[in-house]
There are 2 protein chains.
Amino acid sequence: MRILLVEDEPELRTTLAARLTADGFVVDQFGTLGAAIEAVMAAQYNAVLLDRRLPDGDGLSLLPVLRTRPSRPPVIILSALDDIPDRVDGLDAGAEDYLIKPFAFEELVARLRVMLRRSGSADAAPFVSVGRLQYDLASREPKVSGQPLTLPRRELAIMDALIRRAGRVVMREHLQDQVYGFDEEISSNALEAHISRLRKRLADAGAGVVLHGVRGVGYMLRAA
Amino acid sequence: MRILLVEDEPELRTTLAARLTADGFVVDQFGTLGAAIEAVMAAQYNAVLLDRRLPDGDGLSLLPVLRTRPSRPPVIILSALDDIPDRVDGLDAGAEDYLIKPFAFEELVARLRVMLRRSGSADAAPFVSVGRLQYDLASREPKVSGQPLTLPRRELAIMDALIRRAGRVVMREHLQDQVYGFDEEISSNALEAHISRLRKRLADAGAGVVLHGVRGVGYMLRAA
DNA sequence: CCAAAGCTGTAAGTTTCATGTAAGCAAAGT
DNA sequence: ACTTTGCTTACATGAAACTTACAGCTTTGG
């Protein structure tokens with residue numbers, strides 16, 4: 001669950017990034033249009049939060065770039081109150097939603113989740129269940145036969161990525177991109193360590209699942 | 001339990017705010033429509049007390065703004081005696097209730113509680129119980145196996161927010177918003193201190209509950 | 001109106017815990 | 001058998017959170 005945040009005001013950007021991170025999202029943040037375009041070309045995102053007024057151009061310029069990408073991530077425009085007339089422009093240009101600053105963080109997350117659920121699968125299933133493990137895609141809450149299961153940030157990110165493609169193999173590299181942001185690349189087997197710990201936690205909780213490793217390719221989550 | 005109070009007459013506004021605060025609510029008060037709109041965009045409220053005659057417009061203009069919010073808080077209109085014909089307008093526009101000035105403070109609180117209980121859960125359960133802890137959503141009175149348990153303002157606010165989502169994790173920020181108003185932001189670990197004290201009180205009282213902390217996310221209340 | 005009790009925010013000290021790193025071991029492929 | 005890849009476990013570290021003490025203030029009760 002990786003999100004691109006483009007906002008030039010440092011304070012707002014940092015606050016948003018921090019709260020989104022606390023919510024379990026992986027956030028890459030940039031303050032300029034140029035950096036954002038580079039990021040879009042280099043990585044794949046599940047959603048984009050986009051300010052319009054940027055030091056080096058209109059945020060909307062990012063939309064054509066996104067359209068060239070294989071999976072076009074949904075976009076939420078973050079516009080200032082006096083930009084309201086621009087709303088139509090934004091929606092015309094292909095944005096999925098917009099928010100007027102200042103906005104409540106809860107609303108941002110709510111809309112984000114609606115979008116992610118929509119884009120994730122058209123049938124919009126409220127939750128996925130594998131074995132005795134149930135996962136609410138909207139609230140990102142895992143449960144084992146009704147009992148809520150709390151997972152650390154990273155393990156939750158791994159589990160999220162795996163369960164969305166349950167029964168299918170998720171490529172190791174793709175998994176890494178989902179768990180780690182752009183700036184925080186790693187230099188060891190941290191991913192494997194987390195996989196191991198996640199395995200243990202799932203087993204202890206009695207979720208009826210197996211986290212199967214596919215040599216040279218990636219991992220797959222399926223019912224035991 | 002955070003309430004937005006919009007009323008332009010300073011004396012009435014201050015009095016109301018003081019009494020509501022004494023009753024354990026967290027109150028943000030504003031005298032103009034503009035300020036109220038900003039507040040609604042920036043924070044989440046559990047209820048809105050709204051005067052119609054405001055210096056910069058009709059209070060009803062706030063209702064469309066509220067409708068765009070994820071959890072539309074219920075609204076009580078505070079109208080002057082000679083505005084009675086407006087009553088229909090208000091209810092048409094989506095207000096939940098109205099009061100004619102002057103009104104008894106007790107009546108305001110009574111209606112407020114009815115509304116809050118209704119909005120809290122559609123099934124309108126009179127009270128929630130977790131472990132040996134019973135909580136009356138209407139009167140906001142916690143009991144441990146029948147014995148009433150008195151809690152300080154802040155701890156009650158925390159407990160209230162947690163028990164309404166018992167068994168689910170409540171985000172730290174959301175909790176903070178529920179306990180502290182707009183102007184009284186804090187700069188230290190006051191919240192954690194209250195959590196700690198609340199834990200001790202609940203344990204001493206023998207409520208069969210655990211106040212579980214989820215690192216980096218928030219807190220969860222559940223049966224031991 | 002004064003005193004006592006209690007609530008609340010701040011801060012300091014301590015503890016817990018997630019997380020990256022690395023080393024040792026198991027398994028799979030050649 | 002030997003190499004490669006992945007799994008597991010231990011460990012260090014830094015961040016988050018828990019607890020406790022304290023001082024200022026409000027409320028309560030005589």
# chains A, B, ... in the order shown; residues from 1 in each chain; ligands from 1
call {"tool": "residues_around", "arguments": {"residues": "D:DT3", "least_positions_apart": "6", "cutoff": "12 Å", "atoms": "only C-alpha atoms (C1' of nucleotides)", "output": "list of chain:residue names"}}
result
C:DA27, C:DA28, C:DG29, C:DT30
call {"tool": "residues_around", "arguments": {"residues": "A:His194", "least_positions_apart": "2", "cutoff": "9 Å", "atoms": "only C-alpha atoms (C1' of nucleotides)", "output": "VMD selection string"}}
result
(chain A and resid 154 to 155 158 189 to 192 196 to 199) or (chain C and resid 19)
call {"tool": "select_by_dssp", "arguments": {"residues": "chain A", "states": "strand (DSSP E or B)", "output": "PyMOL selection string"}}
result
chain A and resi 2-6+26-30+47-51+53-54+57-58+75-79+97-100+127-130+133-136+141-144+147-148+169-171+209-214+218-223
call {"tool": "residues_around", "arguments": {"residues": "stretch 21-30 of chain D", "least_positions_apart": "2", "cutoff": "12 Å", "atoms": "only C-alpha atoms (C1' of nucleotides)", "output": "list in words"}}
result
Ala22, Pro152 and Ala193 of chain B; DC1, DC2, DA3, DA4, DA5, DG6, DC7, DT8, DG9, DT10, DA11, DA12 and DG13 of chain C; DT19 of chain D
call {"tool": "write_last_selection", "arguments": {"atoms": "C-alpha atoms (C1' of nucleotides)", "output": "PDB file, in the first residue's frame"}}
result
ATOM      1  CA  ALA B  22     -18.719  21.138  33.104  1.00  0.00           C
ATOM      2  CA  PRO B 152     -12.283  12.655  36.058  1.00  0.00           C
ATOM      3  CA  ALA B 193      -0.475  10.185  31.451  1.00  0.00           C
TER       4      ALA B 193
ATOM      5  C1'  DC C   1     -13.882  32.085  53.015  1.00  0.00           C
ATOM      6  C1'  DC C   2     -10.278  28.951  54.004  1.00  0.00           C
ATOM      7  C1'  DA C   3      -8.429  24.450  53.804  1.00  0.00           C
ATOM      8  C1'  DA C   4      -8.186  19.996  51.912  1.00  0.00           C
ATOM      9  C1'  DA C   5      -8.683  17.020  48.224  1.00  0.00           C
ATOM     10  C1'  DG C   6      -8.418  16.169  43.531  1.00  0.00           C
ATOM     11  C1'  DC C   7      -7.667  17.055  38.659  1.00  0.00           C
ATOM     12  C1'  DT C   8      -4.328  18.159  35.024  1.00  0.00           C
ATOM     13  C1'  DG C   9      -0.298  19.266  32.316  1.00  0.00           C
ATOM     14  C1'  DT C  10       4.706  18.823  32.318  1.00  0.00           C
ATOM     15  C1'  DA C  11       8.802  16.433  32.662  1.00  0.00           C
ATOM     16  C1'  DA C  12      12.094  12.943  33.887  1.00  0.00           C
ATOM     17  C1'  DG C  13      13.311   8.152  34.326  1.00  0.00           C
TER      18       DG C  13
ATOM     19  C1'  DT D  19       4.823   5.281  35.004  1.00  0.00           C
TER      20       DT D  19
END
call {"tool": "interface_residues", "arguments": {"of": "chain D", "to": "chain B", "cutoff": "10 Å", "atoms": "only C-alpha atoms (C1' of nucleotides)", "output": "list in words"}}
result
DA15, DA16, DA17, DC18, DT19 and DT20 of chain D
call {"tool": "closest_atom_pairs", "arguments": {"of": "chain C", "to": "chain A", "cutoff": "7 Å", "atoms": "only C-alpha atoms (C1' of nucleotides)", "output": "Markdown table"}}
result
| residue | atom | partner | partner_atom | distance |
| --- | --- | --- | --- | --- |
| C:DA18 | C1' | A:Pro152 | CA | 6.9 |
| C:DG20 | C1' | A:Ala190 | CA | 6.1 |
| C:DT21 | C1' | A:Ser188 | CA | 6.8 |
call {"tool": "write_last_selection", "arguments": {"atoms": "N, CA and C atoms (P, O5', C5', C4', C3', O3' and C1' of nucleotides)", "output": "compact mmCIF listing (two decimals), in the first residue's frame"}}
result
# COMPACT_ATOMS: atom_id res chain seq x y z
P DA C 18 6.22 -5.11 18.84
O5' DA C 18 6.55 -4.46 17.43
C5' DA C 18 6.23 -3.11 17.22
C4' DA C 18 7.33 -2.42 16.43
C3' DA C 18 7.70 -3.09 15.11
O3' DA C 18 7.88 -2.08 14.15
C1' DA C 18 9.63 -2.90 16.46
P DG C 20 13.19 -2.50 8.94
O5' DG C 20 14.78 -2.48 8.79
C5' DG C 20 15.48 -1.33 9.23
C4' DG C 20 16.89 -1.71 9.63
C3' DG C 20 17.65 -2.53 8.60
O3' DG C 20 18.99 -2.06 8.51
C1' DG C 20 17.58 -3.71 10.65
P DT C 21 19.98 -2.63 7.40
O5' DT C 21 20.90 -3.63 8.23
C5' DT C 21 21.59 -3.12 9.38
C4' DT C 21 22.30 -4.26 10.10
C3' DT C 21 23.06 -5.24 9.19
O3' DT C 21 24.42 -5.23 9.57
C1' DT C 21 21.72 -6.41 10.80
call {"tool": "interface_residues", "arguments": {"of": "chain B", "to": "chain A", "cutoff": "8 Å", "atoms": "only C-alpha atoms", "output": "CSV table (one decimal) with C-alpha atoms, in the first residue's frame"}}
result
chain,number,residue,atom,x,y,z
B,38,GLU,CA,-13.4,26.3,8.7
B,41,MET,CA,-13.5,21.3,7.6
B,42,ALA,CA,-10.6,21.0,10.0
B,43,ALA,CA,-12.0,18.7,12.7
B,44,GLN,CA,-14.6,16.1,13.3
B,69,ARG,CA,-18.2,15.1,5.8
B,70,PRO,CA,-17.7,11.3,6.3
B,167,GLY,CA,-12.5,-4.3,20.5
B,168,ARG,CA,-11.3,-2.0,17.8
B,214,VAL,CA,-0.9,-0.5,19.9
B,215,ARG,CA,2.5,1.0,19.2
B,216,GLY,CA,2.5,3.6,16.6
B,217,VAL,CA,-1.3,3.4,16.1
call {"tool": "atom_distance", "arguments": {"atom1": "atom CA of A:Leu162", "atom2": "atom CA of A:Arg2"}}
result
13.9 Å
call {"tool": "residues_around", "arguments": {"residues": "A:Leu211", "least_positions_apart": "3", "cutoff": "7 Å", "atoms": "only C-alpha atoms (C1' of nucleotides)", "output": "PyMOL selection string"}}
result
chain A and resi 199+219-222
call {"tool": "write_last_selection", "arguments": {"atoms": "C-alpha atoms", "output": "mmCIF file, in the first residue's frame"}}
result
data_model
loop_
_atom_site.group_PDB
_atom_site.id
_atom_site.type_symbol
_atom_site.label_atom_id
_atom_site.label_comp_id
_atom_site.auth_asym_id
_atom_site.auth_seq_id
_atom_site.Cartn_x
_atom_site.Cartn_y
_atom_site.Cartn_z
ATOM 1 C CA ARG A 199 4.809 -16.571 9.967
ATOM 2 C CA TYR A 219 5.766 -15.534 -1.630
ATOM 3 C CA MET A 220 2.222 -16.803 -1.570
ATOM 4 C CA LEU A 221 -0.414 -16.786 1.126
ATOM 5 C CA ARG A 222 -3.048 -19.515 1.118
#
call {"tool": "residues_around", "arguments": {"residues": "B:Ala36", "least_positions_apart": "6", "cutoff": "9 Å", "atoms": "only C-alpha atoms (C1' of nucleotides)", "output": "list in words"}}
result
Leu4, Leu5, Val6, Gln29, Phe30 and Leu62 of chain B
call {"tool": "select_by_dssp", "arguments": {"residues": "stretch 5-223 of chain A", "states": "helix (DSSP H, G or I)", "output": "PyMOL selection string"}}
result
chain A and resi 10-22+33-42+59-67+81-83+86-93+105-120+153-164+172-179+190-205
call {"tool": "decode", "arguments": {"residues": "chain C", "atoms": "C-alpha atoms (C1' of nucleotides)", "output": "PDB file, in the first residue's frame"}}
result
ATOM      1  C1'  DC C   1     -13.882  32.085  53.015  1.00  0.00           C
ATOM      2  C1'  DC C   2     -10.278  28.951  54.004  1.00  0.00           C
ATOM      3  C1'  DA C   3      -8.429  24.450  53.804  1.00  0.00           C
ATOM      4  C1'  DA C   4      -8.186  19.996  51.912  1.00  0.00           C
ATOM      5  C1'  DA C   5      -8.683  17.020  48.224  1.00  0.00           C
ATOM      6  C1'  DG C   6      -8.418  16.169  43.531  1.00  0.00           C
ATOM      7  C1'  DC C   7      -7.667  17.055  38.659  1.00  0.00           C
ATOM      8  C1'  DT C   8      -4.328  18.159  35.024  1.00  0.00           C
ATOM      9  C1'  DG C   9      -0.298  19.266  32.316  1.00  0.00           C
ATOM     10  C1'  DT C  10       4.706  18.823  32.318  1.00  0.00           C
ATOM     11  C1'  DA C  11       8.802  16.433  32.662  1.00  0.00           C
ATOM     12  C1'  DA C  12      12.094  12.943  33.887  1.00  0.00           C
ATOM     13  C1'  DG C  13      13.311   8.152  34.326  1.00  0.00           C
ATOM     14  C1'  DT C  14      12.438   3.623  32.959  1.00  0.00           C
ATOM     15  C1'  DT C  15      10.610  -0.028  30.188  1.00  0.00           C
ATOM     16  C1'  DT C  16       8.932  -2.121  26.188  1.00  0.00           C
ATOM     17  C1'  DC C  17       9.121  -3.172  21.471  1.00  0.00           C
ATOM     18  C1'  DA C  18       9.626  -2.899  16.458  1.00  0.00           C
ATOM     19  C1'  DT C  19      13.162  -3.275  13.222  1.00  0.00           C
ATOM     20  C1'  DG C  20      17.576  -3.709  10.649  1.00  0.00           C
ATOM     21  C1'  DT C  21      21.721  -6.408  10.795  1.00  0.00           C
ATOM     22  C1'  DA C  22      24.169 -10.434  10.858  1.00  0.00           C
ATOM     23  C1'  DA C  23      25.397 -15.196  11.785  1.00  0.00           C
ATOM     24  C1'  DG C  24      24.252 -19.937  11.623  1.00  0.00           C
ATOM     25  C1'  DC C  25      21.383 -23.469   9.733  1.00  0.00           C
ATOM     26  C1'  DA C  26      18.249 -25.914   6.380  1.00  0.00           C
ATOM     27  C1'  DA C  27      16.807 -26.878   1.924  1.00  0.00           C
ATOM     28  C1'  DA C  28      16.940 -26.894  -2.934  1.00  0.00           C
ATOM     29  C1'  DG C  29      19.359 -27.055  -7.179  1.00  0.00           C
ATOM     30  C1'  DT C  30      23.418 -28.341  -9.837  1.00  0.00           C
TER      31       DT C  30
END
